[in-house]
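Pasting final04.cif here (mmCIF, C-alpha atoms):
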data_target
#
loop_
_atom_site.label_atom_id
_atom_site.label_comp_id
_atom_site.auth_asym_id
_atom_site.auth_seq_id
_atom_site.Cartn_x
_atom_site.Cartn_y
_atom_site.Cartn_z
CA MET A 1 -29.17 40.31 12.09
CA THR A 2 -25.59 41.25 11.23
CA SER A 3 -24.91 42.35 14.80
CA LEU A 4 -26.31 39.06 16.10
CA ALA A 5 -24.12 37.05 13.72
CA THR A 6 -21.10 39.11 14.73
CA ALA A 7 -21.79 38.53 18.40
CA LEU A 8 -22.15 34.78 17.84
CA VAL A 9 -18.90 34.60 15.90
CA LYS A 10 -16.97 36.64 18.48
CA SER A 11 -18.22 34.48 21.34
CA SER A 12 -17.39 31.20 19.57
CA LYS A 13 -14.66 29.00 21.00
CA ALA A 14 -13.79 27.89 17.47
CA PRO A 15 -11.53 29.97 15.16
CA LEU A 16 -14.18 31.81 13.08
CA LEU A 17 -14.39 34.86 10.83
CA LEU A 18 -17.48 36.67 9.60
CA LEU A 19 -16.91 38.13 6.12
CA ASP A 20 -18.93 40.40 3.81
CA ASP A 21 -19.27 40.18 0.03
CA ASP A 22 -15.93 41.99 -0.45
CA VAL A 23 -14.15 39.44 1.75
CA VAL A 24 -13.79 42.08 4.46
CA VAL A 25 -13.74 40.94 8.08
CA ILE A 26 -16.83 42.01 10.02
CA GLY A 27 -16.04 40.03 13.14
CA ALA A 28 -13.61 37.43 14.47
CA SER A 29 -13.68 35.03 17.38
CA THR A 30 -11.14 35.39 20.15
CA SER A 31 -9.99 31.87 19.32
CA PHE A 32 -9.17 32.91 15.74
CA CYS A 33 -7.14 35.91 16.92
CA ASN A 34 -5.25 33.88 19.51
CA THR A 35 -4.54 30.98 17.14
CA PHE A 36 -3.09 33.19 14.42
CA ASN A 37 -1.58 35.93 16.63
CA LEU A 38 -3.86 38.74 15.40
CA ASP A 39 -4.95 41.83 17.33
CA PRO A 40 -8.72 41.56 17.93
CA LEU A 41 -8.97 45.37 18.14
CA THR A 42 -7.65 45.93 14.62
CA ILE A 43 -8.94 42.93 12.72
CA ALA A 44 -12.43 44.29 11.91
CA ASN A 45 -13.06 46.13 8.63
CA ARG A 46 -9.89 44.74 7.06
CA ARG A 47 -9.75 42.56 3.99
CA LEU A 48 -8.85 38.94 4.69
CA ALA A 49 -5.88 39.25 2.34
CA ASP A 50 -4.48 42.09 4.48
CA LEU A 51 -4.48 40.24 7.81
CA GLY A 52 -1.14 39.65 9.51
CA SER A 53 1.76 40.09 7.12
CA GLY A 54 -0.30 39.11 4.09
CA GLU A 55 -0.18 35.35 4.72
CA TRP A 56 -3.93 35.12 4.13
CA ASP A 57 -3.54 36.54 0.63
CA VAL A 58 -3.91 33.17 -1.08
CA PRO A 59 -5.37 33.37 -4.62
CA GLN A 60 -7.02 29.95 -4.52
CA LEU A 61 -8.64 30.68 -1.16
CA ASN A 62 -9.89 34.02 -2.46
CA SER A 63 -11.39 32.32 -5.53
CA LEU A 64 -13.17 29.76 -3.37
CA LEU A 65 -14.56 32.51 -1.11
CA GLN A 66 -15.77 34.48 -4.12
CA ALA A 67 -17.56 31.36 -5.38
CA THR A 68 -19.11 30.88 -1.94
CA ILE A 69 -20.26 34.52 -1.83
CA ALA A 70 -21.84 34.12 -5.28
CA GLY A 71 -23.66 31.02 -4.09
CA ALA A 72 -21.90 28.83 -6.64
CA ALA A 73 -20.07 26.66 -4.12
CA GLU A 74 -19.12 26.17 -0.49
CA ILE A 75 -15.72 25.49 1.00
CA ASP A 76 -15.81 22.18 2.80
CA ALA A 77 -12.64 20.81 4.43
CA TYR A 78 -10.24 22.63 2.12
CA GLU A 79 -6.63 22.10 3.22
CA MET A 80 -3.93 24.70 2.74
CA ASP A 81 -0.61 25.79 4.22
CA LEU A 82 -0.55 29.15 6.00
CA ILE A 83 2.97 30.39 5.38
CA ARG A 84 4.00 33.05 7.90
CA GLU A 85 7.26 34.95 7.79
CA GLY A 86 9.49 34.05 10.72
CA LYS A 87 7.04 31.46 12.04
CA ALA A 88 6.34 27.80 11.44
CA THR A 89 4.00 26.97 8.57
CA CYS A 90 0.52 25.93 9.68
CA ARG A 91 -1.55 23.27 7.99
CA LEU A 92 -5.17 24.41 8.02
CA ILE A 93 -8.55 22.90 7.23
CA LEU A 94 -10.94 25.63 6.07
CA SER A 95 -14.70 25.61 5.71
CA ALA A 96 -16.88 28.52 4.55
CA HIS A 97 -20.65 28.79 4.36
CA LYS A 98 -22.90 31.58 3.18
CA LEU A 99 -25.49 32.77 5.69
CA ASP A 100 -29.02 33.30 4.36
CA TYR A 101 -30.93 36.37 5.56
CA PHE A 102 -34.56 36.81 4.65
CA ASP A 103 -34.89 40.48 5.60
CA THR A 104 -31.77 41.91 3.99
CA GLU A 105 -29.70 41.65 0.84
CA GLU A 106 -26.44 41.73 2.74
CA VAL A 107 -24.13 38.79 2.07
CA ARG A 108 -22.38 37.22 5.02
CA VAL A 109 -19.98 34.28 5.00
CA VAL A 110 -18.65 32.38 8.01
CA LEU A 111 -15.10 31.06 7.58
CA ALA A 112 -13.85 28.40 10.01
CA ALA A 113 -10.13 27.59 10.26
CA THR A 114 -8.78 24.57 12.12
CA ASP A 115 -5.05 24.17 12.70
CA VAL A 116 -4.18 20.51 12.02
CA THR A 117 -0.40 20.97 11.88
CA ALA A 118 0.26 18.71 14.85
CA THR A 119 -2.16 16.08 13.55
CA ARG A 120 -0.59 16.01 10.09
CA LEU A 121 2.90 15.85 11.60
CA ALA A 122 1.87 12.89 13.75
CA GLU A 123 0.36 11.19 10.68
CA LYS A 124 3.56 11.78 8.71
CA GLN A 125 5.70 10.36 11.51
CA LYS A 126 3.41 7.36 11.70
CA ASP A 127 3.60 6.81 7.93
CA ASP A 128 7.39 7.18 8.00
CA LEU A 129 7.59 4.62 10.81
CA ILE A 130 5.36 2.19 8.92
CA ARG A 131 7.51 2.58 5.79
CA GLU A 132 10.68 2.03 7.82
CA LYS A 133 9.24 -1.13 9.41
CA HIS A 134 8.11 -2.29 5.97
CA VAL A 135 11.65 -1.94 4.60
CA LEU A 136 13.12 -3.74 7.62
CA LEU A 137 10.56 -6.54 7.30
CA GLN A 138 11.34 -6.99 3.60
CA GLU A 139 15.07 -7.11 4.39
CA LEU A 140 14.46 -9.68 7.13
CA GLN A 141 12.30 -11.81 4.83
CA HIS A 142 14.96 -11.61 2.11
CA ARG A 143 17.72 -12.70 4.49
CA VAL A 144 15.64 -15.54 5.94
CA ALA A 145 14.73 -16.81 2.46
CA ASN A 146 18.39 -16.72 1.39
CA SER A 147 19.47 -18.54 4.55
CA LEU A 148 16.85 -21.24 4.02
CA GLN A 149 17.98 -21.79 0.43
CA ILE A 150 21.60 -22.09 1.58
CA ILE A 151 20.53 -24.72 4.13
CA ALA A 152 18.57 -26.53 1.43
CA SER A 153 21.61 -26.55 -0.87
CA VAL A 154 23.82 -27.94 1.90
CA LEU A 155 21.28 -30.71 2.56
CA MET A 156 21.17 -31.60 -1.15
CA GLN A 157 24.96 -31.73 -1.40
CA SER A 158 25.11 -33.92 1.70
CA ALA A 159 22.50 -36.25 0.25
CA ARG A 160 24.65 -36.77 -2.86
CA ARG A 161 27.71 -37.67 -0.81
CA VAL A 162 26.30 -40.14 1.72
CA GLN A 163 26.51 -43.89 1.05
CA SER A 164 23.45 -44.94 3.03
CA GLU A 165 20.27 -44.94 0.95
CA GLU A 166 18.14 -44.41 4.06
CA THR A 167 20.21 -41.40 5.12
CA ARG A 168 20.04 -40.03 1.59
CA LEU A 169 16.23 -40.24 1.61
CA HIS A 170 16.06 -38.49 4.98
CA LEU A 171 18.30 -35.71 3.77
CA GLN A 172 16.29 -35.32 0.57
CA ASP A 173 13.08 -35.17 2.56
CA ALA A 174 14.59 -32.54 4.87
CA HIS A 175 15.71 -30.61 1.78
CA SER A 176 12.17 -30.64 0.38
CA ARG A 177 10.71 -29.43 3.66
CA VAL A 178 13.23 -26.59 3.94
CA MET A 179 12.51 -25.60 0.33
CA SER A 180 8.78 -25.51 1.03
CA ILE A 181 9.41 -23.12 3.92
CA ALA A 182 11.79 -21.05 1.79
CA MET A 183 9.18 -20.71 -0.95
CA LEU A 184 6.57 -19.65 1.63
CA GLN A 185 8.98 -17.11 3.09
CA LYS A 186 9.58 -15.63 -0.34
CA GLN A 187 5.85 -15.38 -0.94
CA LEU A 188 5.31 -13.52 2.33
CA ALA A 189 7.16 -10.56 0.83
CA VAL A 190 4.61 -10.47 -1.98
CA THR A 191 1.78 -9.90 0.50
CA GLN A 192 3.05 -6.32 0.88
CA LEU A 193 1.85 -5.58 -2.65
CA LYS A 194 -1.70 -4.47 -3.43
CA SER A 195 -1.85 -6.50 -6.66
CA VAL A 196 0.33 -9.21 -8.15
CA GLY A 197 0.99 -10.00 -11.80
CA LEU A 198 0.82 -13.79 -11.94
CA ARG A 199 3.12 -14.18 -14.96
CA THR A 200 6.09 -12.63 -13.14
CA TYR A 201 5.10 -14.19 -9.83
CA PHE A 202 5.00 -17.79 -11.11
CA ALA A 203 8.09 -17.28 -13.30
CA ASP A 204 10.08 -16.13 -10.25
CA LEU A 205 8.67 -18.99 -8.16
CA CYS A 206 9.65 -21.61 -10.76
CA ARG A 207 13.07 -20.05 -11.21
CA SER A 208 13.72 -20.22 -7.46
CA ILE A 209 12.55 -23.84 -7.18
CA SER A 210 14.65 -24.85 -10.18
CA ALA A 211 17.79 -23.22 -8.81
CA SER A 212 17.45 -25.00 -5.49
CA MET A 213 16.01 -28.42 -6.38
CA ILE A 214 16.97 -29.28 -9.95
CA ASP A 215 20.65 -30.18 -10.15
CA ASP A 216 20.74 -30.95 -13.89
CA PRO A 217 18.66 -28.80 -16.32
CA LYS A 218 19.20 -31.45 -19.04
CA ARG A 219 17.47 -34.03 -16.89
CA LEU A 220 14.56 -31.83 -15.76
CA THR A 221 13.21 -28.36 -16.56
CA LEU A 222 10.47 -26.31 -14.90
CA GLU A 223 8.46 -23.86 -17.01
CA ALA A 224 5.66 -21.38 -16.27
CA ILE A 225 3.04 -20.62 -18.93
CA VAL A 226 0.87 -17.85 -17.48
CA ASP A 227 -1.34 -15.11 -18.94
CA ASP A 228 -1.47 -11.44 -17.90
CA THR A 229 -3.90 -11.93 -15.01
CA THR A 230 -3.35 -9.91 -11.84
CA THR A 231 -4.84 -10.73 -8.47
CA SER A 232 -4.66 -9.76 -4.83
CA SER A 233 -1.60 -10.65 -2.77
CA ASP A 234 -3.42 -13.08 -0.47
CA VAL A 235 -4.85 -15.04 -3.43
CA SER A 236 -1.43 -15.18 -5.10
CA VAL A 237 0.14 -16.56 -1.91
CA SER A 238 -2.51 -19.30 -1.71
CA MET A 239 -1.88 -20.30 -5.32
CA GLY A 240 1.86 -20.16 -4.76
CA LEU A 241 1.59 -22.60 -1.86
CA ILE A 242 -0.41 -25.00 -4.02
CA VAL A 243 2.06 -24.76 -6.91
CA THR A 244 5.09 -25.18 -4.63
CA GLU A 245 3.67 -28.34 -3.07
CA LEU A 246 2.71 -29.89 -6.42
CA VAL A 247 6.00 -29.01 -8.11
CA ILE A 248 8.09 -30.42 -5.26
CA ASN A 249 5.99 -33.61 -5.32
CA ALA A 250 6.54 -33.90 -9.07
CA ILE A 251 10.29 -33.41 -8.72
CA LYS A 252 10.45 -36.07 -6.02
CA HIS A 253 8.15 -38.71 -7.48
CA ALA A 254 7.40 -38.22 -11.19
CA PHE A 255 10.84 -38.90 -12.62
CA PRO A 256 12.35 -42.06 -11.12
CA GLY A 257 15.53 -42.86 -13.00
CA GLN A 258 14.96 -40.00 -15.47
CA VAL A 259 18.12 -39.28 -17.47
CA ALA A 260 17.03 -36.39 -19.72
CA GLY A 261 14.02 -34.59 -21.16
CA GLY A 262 11.92 -34.28 -18.03
CA LYS A 263 9.57 -31.31 -17.94
CA ILE A 264 7.19 -29.80 -15.40
CA ILE A 265 4.77 -27.09 -16.57
CA VAL A 266 2.97 -24.64 -14.30
CA ALA A 267 0.09 -23.14 -16.27
CA PHE A 268 -2.49 -20.49 -15.44
CA ALA A 269 -5.17 -18.92 -17.61
CA GLU A 270 -8.25 -16.80 -17.09
CA ASP A 271 -11.24 -17.02 -19.43
CA LYS A 272 -14.36 -14.91 -18.84
CA GLY A 273 -13.90 -14.95 -15.10
CA ALA A 274 -13.00 -18.66 -14.85
CA TRP A 275 -9.51 -19.55 -13.62
CA LEU A 276 -7.50 -22.69 -14.37
CA LEU A 277 -4.29 -23.40 -12.48
CA SER A 278 -2.49 -26.63 -13.31
CA VAL A 279 0.81 -28.40 -12.68
CA SER A 280 1.61 -31.16 -15.18
CA ASP A 281 4.64 -33.23 -16.08
CA ASN A 282 5.80 -35.82 -18.63
CA GLY A 283 7.26 -38.14 -16.02
CA ALA A 284 6.51 -41.82 -15.50
CA GLY A 285 4.97 -41.18 -12.10
CA MET A 286 5.45 -43.07 -8.86
CA SER A 287 2.82 -45.78 -9.30
CA VAL A 288 0.54 -47.43 -11.80
CA GLY A 289 -2.37 -45.48 -10.31
CA VAL A 290 -1.02 -42.16 -11.54
CA ASN A 291 -1.72 -41.33 -15.21
CA ARG A 292 1.48 -41.37 -17.22
CA GLY A 293 2.47 -38.00 -18.58
CA LYS A 294 0.39 -35.83 -16.28
CA LEU A 295 -0.24 -35.13 -12.64
CA ALA A 296 -3.72 -34.22 -11.51
CA PRO A 297 -4.35 -30.52 -12.22
CA ALA A 298 -4.79 -28.14 -9.29
CA SER A 299 -7.49 -25.55 -9.84
#
Write-out of the structure in structure tokens:
Amino acid sequence: MTSLATALVKSSKAPLLLLDDDVVVIGASTSFCNTFNLDPLTIANRRLADLGSGEWDVPQLNSLLQATIAGAAEIDAYEMDLIREGKATCRLILSAHKLDYFDTEEVRVVLAATDVTATRLAEKQKDDLIREKHVLLQELQHRVANSLQIIASVLMQSARRVQSEETRLHLQDAHSRVMSIAMLQKQLAVTQLKSVGLRTYFADLCRSISASMIDDPKRLTLEAIVDDTTTSSDVSVSMGLIVTELVINAIKHAFPGQVAGGKIIVAFAEDKGAWLLSVSDNGAGMSVGVNRGKLAPAS
């Protein structure tokens, strides 16, 4: 049976070794010898740890093989670096399985070694490229958001200077639209995160809206009251769009002629799986049909 196993291993196109219970090589495939530059005529009857220049003398690998020989475990897709003097390091995936013989007490283990160096290098290059594109995309989003806020500020300043009420309203409307896009652009950067803490997210959102749309903090303030809930990036973006729209509407319509003391509150709370998101204000509103002191909550 041993001679048959040896013949099968030697004829295999895969890099294989046949080992005994002392981790001594009984046979090796031609593929194994060619892959790791070993002489097929001298590899038999040598301990695995003695092959080559000793690069196979890896304590953790030896421990795993001993456990496999004892029947306590099997090596399945174990990755390790094969460090060879004067040669490039190889990244290997190793698998080892104990062969069962019914007519002998001899222990035989087949060790398979696959060189995945090129694959891992390609994966690393791909990951590096993705990270580089991610950084560039974040920088682009940051620059676009800043540019939009500058445009919005210019529109607001122009609206304050013009004499025509109609022109002023058009400029203010354009300002609101640009701000909506700017807020969306800022939220796109958040989608790169796996999870989003809503307290920080809404605080930053309110701070950005306040800086761009509220000219006098004594006349109007915007506050976020949010618990410690975290959620996925796509859900946070959806909620951010809702909040941005409601807050901008409140700024535009809830405080006609307001001199001081105006307040808009963005609130979010989670209770036993139920979520409540609301935007409320203490403004007079834009018509009799809107309840004084509060806009309709968004949930």
Worksheet entry | Reference answer for the PyMOL selection byres ((chain A and resi 113) around 12), as JSON, numbers by chain | {"A": [13, 14, 15, 16, 17, 18, 28, 29, 31, 32, 33, 35, 36, 56, 61, 75, 76, 77, 78, 79, 80, 81, 82, 90, 91, 92, 93, 94, 95, 96, 110, 111, 112, 114, 115, 116, 117]}
Worksheet, complete the sentence: Between A:Leu99, A:Ala88, A:Cys206, A:Ile181, smallest distance to A:Gly71 by all atoms listed in the file belongs to A:Leu99
Item to complete: Apply the PyMOL selection byres ((chain A and resi 270-272) around 10) to the displayed file and report the matching residues as JSON, numbers by chain.
Response: {"A": [226, 227, 228, 229, 230, 268, 269, 273, 274, 275, 276, 277]}
Discussion item. Let me make sure I understand: among A:Ile151, A:Val24, A:Ala284, A:Leu41, which one has the smallest atom-to-atom distance to A:Ile69 if we use all atoms listed in the file?
Written reply: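 Closest candidate: A:Val24.
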Practice prompt. Run the PyMOL selection byres ((chain A and resi 42) around 12) mentally over the shown coordinates, then write out the matched residues as a ChimeraX atom specification, using the chain letters and numbers from the document.
Written response: /A:25-28,33,37-41,43-47,50-52
Item to complete: Choose the residue, out of A:Ala152, A:Val259, A:Ile83, A:Val58, that has the smallest atom-to-atom separation from A:Leu220; count all atoms listed in the file.
Response: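 Distance minimum relative to A:Leu220 lands on A:Val259.
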Centre and edge lengths, as lines of an AutoDock Vina configuration file, for the axis-aligned box enclosing every listed atom of stretch 67-80 of chain A with 3 Å of padding on each of the six sides, in Å to one decimal?
center_x = -13.8
center_y = 27.7
center_z = -1.1
size_x = 25.7
size_y = 19.7
size_z = 17.1
Worksheet entry | Option closest in space to A:Gln172, from A:Thr30, A:Thr244, A:Asn249, A:Gln66 [counting all atoms listed in the file] | A:Asn249
Item to complete: State, in Å with one decimal place, the distance from atom CA of A:Glu245 to atom CA of A:Ile265.
Response: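 Those two atoms sit 13.6 Å apart.
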Worksheet item: Between atom CA of A:Arg161 and atom CA of A:Met213, what is the spacing in Å?
Response: 15.9 Å
Worksheet item: What does the distance from atom CA of A:Glu165 to atom CA of A:Ser280 come to in Å, to one decimal?
Response: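 Spanning atom CA of A:Glu165 to atom CA of A:Ser280 is a straight-line distance of 28.3 Å.
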Worksheet entry | Nearest-residue call for A:Gln141, choices A:Ala182, A:Lys98, A:Val247, A:Gly261, using all atoms listed in the file |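 Of A:Ala182, A:Lys98, A:Val247, A:Gly261, the one nearest A:Gln141 is A:Ala182, counting all atoms listed in the file.
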Practice prompt. May I ask which of the residues A:Ile209, A:Ala145, A:Val235, A:Val9 is the closest one to A:Ser176, counting all atoms listed in the file?
Written response: A:Ile209
Discussion item. With 12 Å as the threshold, what does the neighbourhood of (22.6, -35.0, 2.5) contain in terms of residues, counting only C-alpha atoms? Coordinates are those of the file; answer as a VMD selection string.
Written reply: chain A and resid 151 to 176
Would you output stretch 140-256 of chain A from that structure, restricted to C-alpha atoms, as a PDB file, in the first residue's frame?
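Writing done, so here's part.pdb:
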ATOM      1  CA  LEU A 140     -13.114  65.072  -4.488  1.00  0.00           C
ATOM      2  CA  GLN A 141     -16.281  64.945  -2.390  1.00  0.00           C
ATOM      3  CA  HIS A 142     -14.715  67.273   0.177  1.00  0.00           C
ATOM      4  CA  ARG A 143     -13.701  69.805  -2.485  1.00  0.00           C
ATOM      5  CA  VAL A 144     -17.098  69.673  -4.194  1.00  0.00           C
ATOM      6  CA  ALA A 145     -18.918  70.166  -0.882  1.00  0.00           C
ATOM      7  CA  ASN A 146     -16.697  73.143  -0.016  1.00  0.00           C
ATOM      8  CA  SER A 147     -17.230  74.678  -3.450  1.00  0.00           C
ATOM      9  CA  LEU A 148     -20.994  74.300  -3.158  1.00  0.00           C
ATOM     10  CA  GLN A 149     -21.018  75.984   0.246  1.00  0.00           C
ATOM     11  CA  ILE A 150     -18.952  78.878  -1.132  1.00  0.00           C
ATOM     12  CA  ILE A 151     -21.480  79.280  -3.962  1.00  0.00           C
ATOM     13  CA  ALA A 152     -24.317  79.164  -1.432  1.00  0.00           C
ATOM     14  CA  SER A 153     -22.649  81.869   0.668  1.00  0.00           C
ATOM     15  CA  VAL A 154     -22.174  84.095  -2.385  1.00  0.00           C
ATOM     16  CA  LEU A 155     -25.858  83.665  -3.281  1.00  0.00           C
ATOM     17  CA  MET A 156     -26.916  84.588   0.267  1.00  0.00           C
ATOM     18  CA  GLN A 157     -24.724  87.697   0.290  1.00  0.00           C
ATOM     19  CA  SER A 158     -26.114  88.724  -3.097  1.00  0.00           C
ATOM     20  CA  ALA A 159     -29.666  88.248  -1.837  1.00  0.00           C
ATOM     21  CA  ARG A 160     -28.999  90.655   1.040  1.00  0.00           C
ATOM     22  CA  ARG A 161     -27.681  93.356  -1.274  1.00  0.00           C
ATOM     23  CA  VAL A 162     -30.289  93.397  -4.048  1.00  0.00           C
ATOM     24  CA  GLN A 163     -33.167  95.899  -3.922  1.00  0.00           C
ATOM     25  CA  SER A 164     -35.711  93.854  -5.853  1.00  0.00           C
ATOM     26  CA  GLU A 165     -37.815  91.606  -3.618  1.00  0.00           C
ATOM     27  CA  GLU A 166     -38.460  89.208  -6.502  1.00  0.00           C
ATOM     28  CA  THR A 167     -34.739  88.901  -7.245  1.00  0.00           C
ATOM     29  CA  ARG A 168     -34.042  88.405  -3.551  1.00  0.00           C
ATOM     30  CA  LEU A 169     -36.534  85.518  -3.389  1.00  0.00           C
ATOM     31  CA  HIS A 170     -35.003  83.895  -6.477  1.00  0.00           C
ATOM     32  CA  LEU A 171     -31.531  84.156  -5.014  1.00  0.00           C
ATOM     33  CA  GLN A 172     -32.699  82.742  -1.682  1.00  0.00           C
ATOM     34  CA  ASP A 173     -34.391  79.864  -3.453  1.00  0.00           C
ATOM     35  CA  ALA A 174     -31.211  79.180  -5.446  1.00  0.00           C
ATOM     36  CA  HIS A 175     -29.250  79.309  -2.190  1.00  0.00           C
ATOM     37  CA  SER A 176     -31.541  76.713  -0.612  1.00  0.00           C
ATOM     38  CA  ARG A 177     -31.227  74.410  -3.603  1.00  0.00           C
ATOM     39  CA  VAL A 178     -27.432  74.656  -3.628  1.00  0.00           C
ATOM     40  CA  MET A 179     -27.371  73.962   0.121  1.00  0.00           C
ATOM     41  CA  SER A 180     -29.518  70.874  -0.356  1.00  0.00           C
ATOM     42  CA  ILE A 181     -27.029  69.560  -2.910  1.00  0.00           C
ATOM     43  CA  ALA A 182     -24.109  70.477  -0.647  1.00  0.00           C
ATOM     44  CA  MET A 183     -25.648  68.558   2.249  1.00  0.00           C
ATOM     45  CA  LEU A 184     -26.211  65.538  -0.002  1.00  0.00           C
ATOM     46  CA  GLN A 185     -22.619  65.724  -1.226  1.00  0.00           C
ATOM     47  CA  LYS A 186     -21.359  65.753   2.334  1.00  0.00           C
ATOM     48  CA  GLN A 187     -23.484  62.730   3.173  1.00  0.00           C
ATOM     49  CA  LEU A 188     -22.091  60.774   0.230  1.00  0.00           C
ATOM     50  CA  ALA A 189     -18.750  60.650   2.023  1.00  0.00           C
ATOM     51  CA  VAL A 190     -20.450  58.942   4.953  1.00  0.00           C
ATOM     52  CA  THR A 191     -21.536  56.048   2.739  1.00  0.00           C
ATOM     53  CA  GLN A 192     -17.913  54.853   2.788  1.00  0.00           C
ATOM     54  CA  LEU A 193     -18.336  53.914   6.450  1.00  0.00           C
ATOM     55  CA  LYS A 194     -19.689  50.554   7.576  1.00  0.00           C
ATOM     56  CA  SER A 195     -21.630  52.059  10.490  1.00  0.00           C
ATOM     57  CA  VAL A 196     -22.549  55.602  11.461  1.00  0.00           C
ATOM     58  CA  GLY A 197     -23.048  57.074  14.922  1.00  0.00           C
ATOM     59  CA  LEU A 198     -26.149  59.229  14.544  1.00  0.00           C
ATOM     60  CA  ARG A 199     -25.284  61.670  17.346  1.00  0.00           C
ATOM     61  CA  THR A 200     -22.111  62.847  15.604  1.00  0.00           C
ATOM     62  CA  TYR A 201     -23.691  62.572  12.165  1.00  0.00           C
ATOM     63  CA  PHE A 202     -26.679  64.821  12.939  1.00  0.00           C
ATOM     64  CA  ALA A 203     -24.554  67.237  14.997  1.00  0.00           C
ATOM     65  CA  ASP A 204     -22.206  67.727  12.032  1.00  0.00           C
ATOM     66  CA  LEU A 205     -25.153  68.059   9.650  1.00  0.00           C
ATOM     67  CA  CYS A 206     -26.828  70.735  11.804  1.00  0.00           C
ATOM     68  CA  ARG A 207     -23.541  72.567  12.267  1.00  0.00           C
ATOM     69  CA  SER A 208     -22.995  72.693   8.510  1.00  0.00           C
ATOM     70  CA  ILE A 209     -26.533  73.905   7.786  1.00  0.00           C
ATOM     71  CA  SER A 210     -26.277  76.553  10.499  1.00  0.00           C
ATOM     72  CA  ALA A 211     -22.968  77.875   9.196  1.00  0.00           C
ATOM     73  CA  SER A 212     -24.329  78.252   5.683  1.00  0.00           C
ATOM     74  CA  MET A 213     -27.968  79.280   6.168  1.00  0.00           C
ATOM     75  CA  ILE A 214     -28.336  81.017   9.520  1.00  0.00           C
ATOM     76  CA  ASP A 215     -26.811  84.486   9.390  1.00  0.00           C
ATOM     77  CA  ASP A 216     -27.647  85.505  12.976  1.00  0.00           C
ATOM     78  CA  PRO A 217     -27.414  82.885  15.791  1.00  0.00           C
ATOM     79  CA  LYS A 218     -29.374  85.249  18.085  1.00  0.00           C
ATOM     80  CA  ARG A 219     -32.302  85.153  15.690  1.00  0.00           C
ATOM     81  CA  LEU A 220     -32.264  81.391  15.050  1.00  0.00           C
ATOM     82  CA  THR A 221     -30.410  78.345  16.394  1.00  0.00           C
ATOM     83  CA  LEU A 222     -30.340  74.741  15.196  1.00  0.00           C
ATOM     84  CA  GLU A 223     -29.802  71.956  17.730  1.00  0.00           C
ATOM     85  CA  ALA A 224     -29.503  68.159  17.497  1.00  0.00           C
ATOM     86  CA  ILE A 225     -30.712  65.974  20.384  1.00  0.00           C
ATOM     87  CA  VAL A 226     -29.741  62.415  19.452  1.00  0.00           C
ATOM     88  CA  ASP A 227     -29.047  59.220  21.407  1.00  0.00           C
ATOM     89  CA  ASP A 228     -26.156  56.777  20.897  1.00  0.00           C
ATOM     90  CA  THR A 229     -27.805  54.784  18.098  1.00  0.00           C
ATOM     91  CA  THR A 230     -25.629  53.594  15.221  1.00  0.00           C
ATOM     92  CA  THR A 231     -26.932  52.478  11.858  1.00  0.00           C
ATOM     93  CA  SER A 232     -25.776  51.563   8.381  1.00  0.00           C
ATOM     94  CA  SER A 233     -24.447  54.249   6.054  1.00  0.00           C
ATOM     95  CA  ASP A 234     -27.299  53.974   3.540  1.00  0.00           C
ATOM     96  CA  VAL A 235     -29.942  54.399   6.273  1.00  0.00           C
ATOM     97  CA  SER A 236     -28.096  57.406   7.714  1.00  0.00           C
ATOM     98  CA  VAL A 237     -27.980  59.056   4.279  1.00  0.00           C
ATOM     99  CA  SER A 238     -31.741  58.585   3.849  1.00  0.00           C
ATOM    100  CA  MET A 239     -32.418  60.142   7.245  1.00  0.00           C
ATOM    101  CA  GLY A 240     -29.977  62.944   6.498  1.00  0.00           C
ATOM    102  CA  LEU A 241     -31.840  63.821   3.314  1.00  0.00           C
ATOM    103  CA  ILE A 242     -35.127  63.963   5.220  1.00  0.00           C
ATOM    104  CA  VAL A 243     -33.649  66.134   7.974  1.00  0.00           C
ATOM    105  CA  THR A 244     -31.950  68.487   5.494  1.00  0.00           C
ATOM    106  CA  GLU A 245     -35.189  69.058   3.591  1.00  0.00           C
ATOM    107  CA  LEU A 246     -37.257  69.666   6.737  1.00  0.00           C
ATOM    108  CA  VAL A 247     -34.681  71.958   8.349  1.00  0.00           C
ATOM    109  CA  ILE A 248     -34.300  74.084   5.218  1.00  0.00           C
ATOM    110  CA  ASN A 249     -38.097  74.345   4.951  1.00  0.00           C
ATOM    111  CA  ALA A 250     -38.283  75.436   8.591  1.00  0.00           C
ATOM    112  CA  ILE A 251     -35.570  78.056   8.105  1.00  0.00           C
ATOM    113  CA  LYS A 252     -37.358  79.434   5.049  1.00  0.00           C
ATOM    114  CA  HIS A 253     -40.966  79.388   6.253  1.00  0.00           C
ATOM    115  CA  ALA A 254     -41.320  78.976  10.034  1.00  0.00           C
ATOM    116  CA  PHE A 255     -39.860  82.288  11.164  1.00  0.00           C
ATOM    117  CA  PRO A 256     -41.312  85.181   9.154  1.00  0.00           C
TER     118      PRO A 256
END
